[in-house]
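One structure is given below, encoded as structure tokens.
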Amino acid sequence: MSEIEFHDVGAQYRRLKPRIDARIQAVLDHGRFIMGPEIRELEEKLAAYVGVKYCVGVSDGTTAMQVAMMALGIGAGDEVITTPFTFIATGEMIALLGARPVFVDIDPDTFNIDPARIEAAITKRTKAILPVSLYGQCADLDAINAVADRHGLAVIEDGAQSFGATYKGRRSCALSTIGTTSFFPTKPLGCYGDGGACFTNDDKLGPLMAQIRVHGQSRRYYHPIIGINGRLDTLQAAILLAKLETLPAEVAARARIGARYSEKLAGAVKTPGIAAHNTSVFAQYTIEVDNRDAVQAKLKAGGIPSAVHYPVTLNLQPAFGNLGQGEGSFPLAERAARRVLSLPMHADLSEPLQDRIVAAVRSAA
Ligand SMILES: Cc1ncc(COP(=O)(O)O)c(C=O)c1O
């Protein structure tokens, strides 16, 4: 029986090898490994794909949020509203800048922040709202932007898992003040190391983020503002350029595989709730089950990998213990953290292998 991979970056590489190898070789030949010509080429193509004016390539998705918040002037004493049901990076960068993450519970169907609960969390210190577009579907950005507009707040979409997804026909990362993403190897658009990007239409924030990403410099060795070393590598940009050409096919394959899972698993487990105005890129295909540990153990015994994104909500992470928000503070997010289970998902997942996974989940759940 063939092996089932949770993600399959190897199969994708074999499919795209000639174009990826040629792009890598071109960088080795010109040798401009830092801020080489591929960076600008990629930024232009990504901005066009997303449908915004500015794209700034950065070293990873975590740094993308740091750069975005630095450009918005977020720092000590400020508050940033976000979801507790996300990867640590979302809350981590708020805290690293000296600001306080203020968590708001989720919509249990989409797992994204519930816009109806945001207003009650706004204080005089609130500077921004940072929704995450979890598992590949966008948060309800129009509703979030409406709350932000009433209070003069910026909105940063953490689109680390949703690059390529659409919301009411517009692309993730083009939906708010700033959108950020990650090109971690297993993301819908992934490189072969770390990578990320920030997106905006704002004529002040676009150039400012580009400046922050290179030590705040205006020109070489002149530094009017404090920045960081947050550059994207030229080699990673070259790999992303090769993969970007096939991204629409990749996104379509993920959508097809996700829809097929939902069709075949209906009735056996809770399948992902995708809002009618959304298309998901299924960075994760995540179901809900009552007896997760037992289901996961049975899948493992049958040679089927699965993963939990994420077992502990941010309010319950020791790193955020200082916020004093113990168990029961965000009941919907905490319930999701006990129930979610992600199944193998990648564009090269064949129907026979998917059928094996479906049969195993049906008998285990
Ligand atoms: C929701 C979310 N935000 C941020 C990140 C951070 O991205 P990176 O690993 O590129 O720093 C990730 C990465 O998995 C993520 O899933």
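Going through the structure tokens in order, the chains are called A, B, and so on, while each chain numbers its residues from 1 and the ligands are numbered from 1 in the order shown.
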Inset, instruction - Please check which protein, DNA or RNA residues sit within 6 Å of ligand 1, counting only C-alpha atoms and all ligand atoms, and write them as a ChimeraX atom specification. - result: /A:60-62,86-87,89-90,132,158,160-161,182-184,194-196
Inset, instruction - Pick out the residues sitting within 9 Å of His346 in chain A, and hand them over as a list in words; count only C-alpha atoms, and ignore anything fewer than 5 positions along from it in its own chain. - result: Glu5, Phe6, His7, Asp8, Val9, Gln12, Thr186, Pro188, Glu250, Ala253, Arg254, Ile257, Phe282, Ala283 and Gln284 of chain A
Inset, instruction - Run DSSP on the backbone and give me the residues of range 147-236 of chain A it puts in helix (DSSP H, G or I), as a list in words. - result: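 The residues of range 147-236 of chain A classed as helix (DSSP H, G or I) are Val147, Ala148, Asp149, Arg150, His151, Leu205, Gly206, Pro207, Leu208, Met209, Ala210, Gln211, Ile212, Arg213, Thr234, Leu235 and Gln236 of chain A.
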Can those selected residues be exported to a file as a CSV table (one decimal), in the first residue's frame so that it contains N, CA and C atoms?
```csv
chain,number,residue,atom,x,y,z
A,147,VAL,N,-16.4,47.6,12.0
A,147,VAL,CA,-16.2,47.9,13.5
A,147,VAL,C,-15.0,48.8,13.6
A,148,ALA,N,-13.9,48.4,12.8
A,148,ALA,CA,-12.7,49.2,12.9
A,148,ALA,C,-12.9,50.6,12.4
A,149,ASP,N,-13.7,50.8,11.4
A,149,ASP,CA,-13.9,52.2,10.9
A,149,ASP,C,-14.6,53.0,11.9
A,150,ARG,N,-15.6,52.4,12.6
A,150,ARG,CA,-16.3,53.2,13.6
A,150,ARG,C,-15.4,53.7,14.7
A,151,HIS,N,-14.3,53.0,15.0
A,151,HIS,CA,-13.4,53.3,16.1
A,151,HIS,C,-12.0,53.8,15.6
A,205,LEU,N,2.1,53.2,4.2
A,205,LEU,CA,2.5,52.0,4.8
A,205,LEU,C,3.3,51.1,3.9
A,206,GLY,N,3.1,51.1,2.6
A,206,GLY,CA,3.8,50.2,1.7
A,206,GLY,C,5.3,50.5,1.7
A,207,PRO,N,5.7,51.8,1.4
A,207,PRO,CA,7.1,52.1,1.5
A,207,PRO,C,7.7,52.0,2.9
A,208,LEU,N,6.9,52.3,3.9
A,208,LEU,CA,7.4,52.2,5.3
A,208,LEU,C,7.7,50.8,5.6
A,209,MET,N,6.9,49.9,5.3
A,209,MET,CA,7.2,48.4,5.6
A,209,MET,C,8.4,48.0,4.8
A,210,ALA,N,8.6,48.5,3.6
A,210,ALA,CA,9.8,48.1,2.8
A,210,ALA,C,11.1,48.6,3.5
A,211,GLN,N,10.9,49.8,4.1
A,211,GLN,CA,12.1,50.4,4.8
A,211,GLN,C,12.4,49.7,6.2
A,212,ILE,N,11.3,49.4,6.9
A,212,ILE,CA,11.5,48.6,8.2
A,212,ILE,C,12.2,47.3,7.9
A,213,ARG,N,11.8,46.6,6.8
A,213,ARG,CA,12.4,45.3,6.5
A,213,ARG,C,13.9,45.3,6.3
A,234,THR,N,16.7,35.9,-1.7
A,234,THR,CA,16.6,35.8,-3.2
A,234,THR,C,16.2,34.4,-3.7
A,235,LEU,N,16.9,33.4,-3.1
A,235,LEU,CA,16.7,32.0,-3.5
A,235,LEU,C,15.2,31.6,-3.2
A,236,GLN,N,14.7,32.0,-2.1
A,236,GLN,CA,13.3,31.7,-1.8
A,236,GLN,C,12.3,32.4,-2.7
```
Legend entry - A:Ile274, A:Ile24, A:Ala364, A:Leu46 ranked by distance to Tyr192 in chain A, top pick (using only C-alpha atoms): A:Ile24
Legend entry - Interatomic distance (Å, one decimal) between CA of Ala268 in chain A and CA of Ile287 in chain A: 10.1 Å
Legend entry - Best match for closeness to Gln25 in chain A among A:Lys300, A:Ala68, A:Ala238, A:Val358, counting only C-alpha atoms: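 Closest residue, counting only C-alpha atoms: A:Ala238.
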Inset, instruction - Apply DSSP to the structure's backbone, then extract all residues of range 73-219 of chain A labelled strand (DSSP E or B) and return them as JSON, numbers by chain. - result: {"A": [79, 80, 81, 82, 100, 101, 102, 103, 106, 113, 126, 127, 128, 129, 130, 132, 154, 155, 156, 157, 158, 166, 167, 170, 171, 178, 179, 180, 181, 182, 196, 197, 198, 199, 200, 214, 219]}
Inset, instruction - Measuring atom to atom with only C-alpha atoms, identify which of A:Lys270, A:Arg356, A:Lys17, A:Arg260 is nearest to Pro305 in chain A. - result: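 That would be A:Arg356, the residue with the smallest distance to Pro305 in chain A.
Each of A:Ser176, A:Leu349, A:Phe320, A:Glu38 was checked against Leu96 in chain A using only C-alpha atoms; the smallest atom-to-atom distance is that of A:Phe320.
CA of Arg231 in chain A is positioned 24.7 Å from CA of Val80 in chain A.
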Inset, instruction - Tell me which protein, DNA and RNA residues are within 10 Å of Gly51 in chain A, counting only C-alpha atoms, leaving out same-chain ones fewer than 5 positions away, and put them as a list in words. - result: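 Final neighbour list, sorted by chain and number: Lys45, Leu46, Arg170, Arg171, Ser172, Cys173, Ala174, Leu175, Phe199, Thr200 and Asn201 of chain A.
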Legend entry - Polymer residues at most 12 Å from Ala275 in chain A, only C-alpha atoms, same-chain spacing of 6 or more positions, as a PyMOL selection string: chain A and resi 107-112+136-140+166-168
Inset, instruction - Rank nothing, just name the residue among A:Leu316, A:Pro344, A:Ala294, A:Asp78 nearest to Pro331 in chain A, using only C-alpha atoms. - result: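 For Pro331 in chain A, the nearest of the given residues is A:Leu316.
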Inset, instruction - Have a look at CA of Ile34 in chain A and CA of Leu232 in chain A and let me know their distance in Å, one decimal. - result: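 CA of Leu232 in chain A lies 8.0 Å from CA of Ile34 in chain A.
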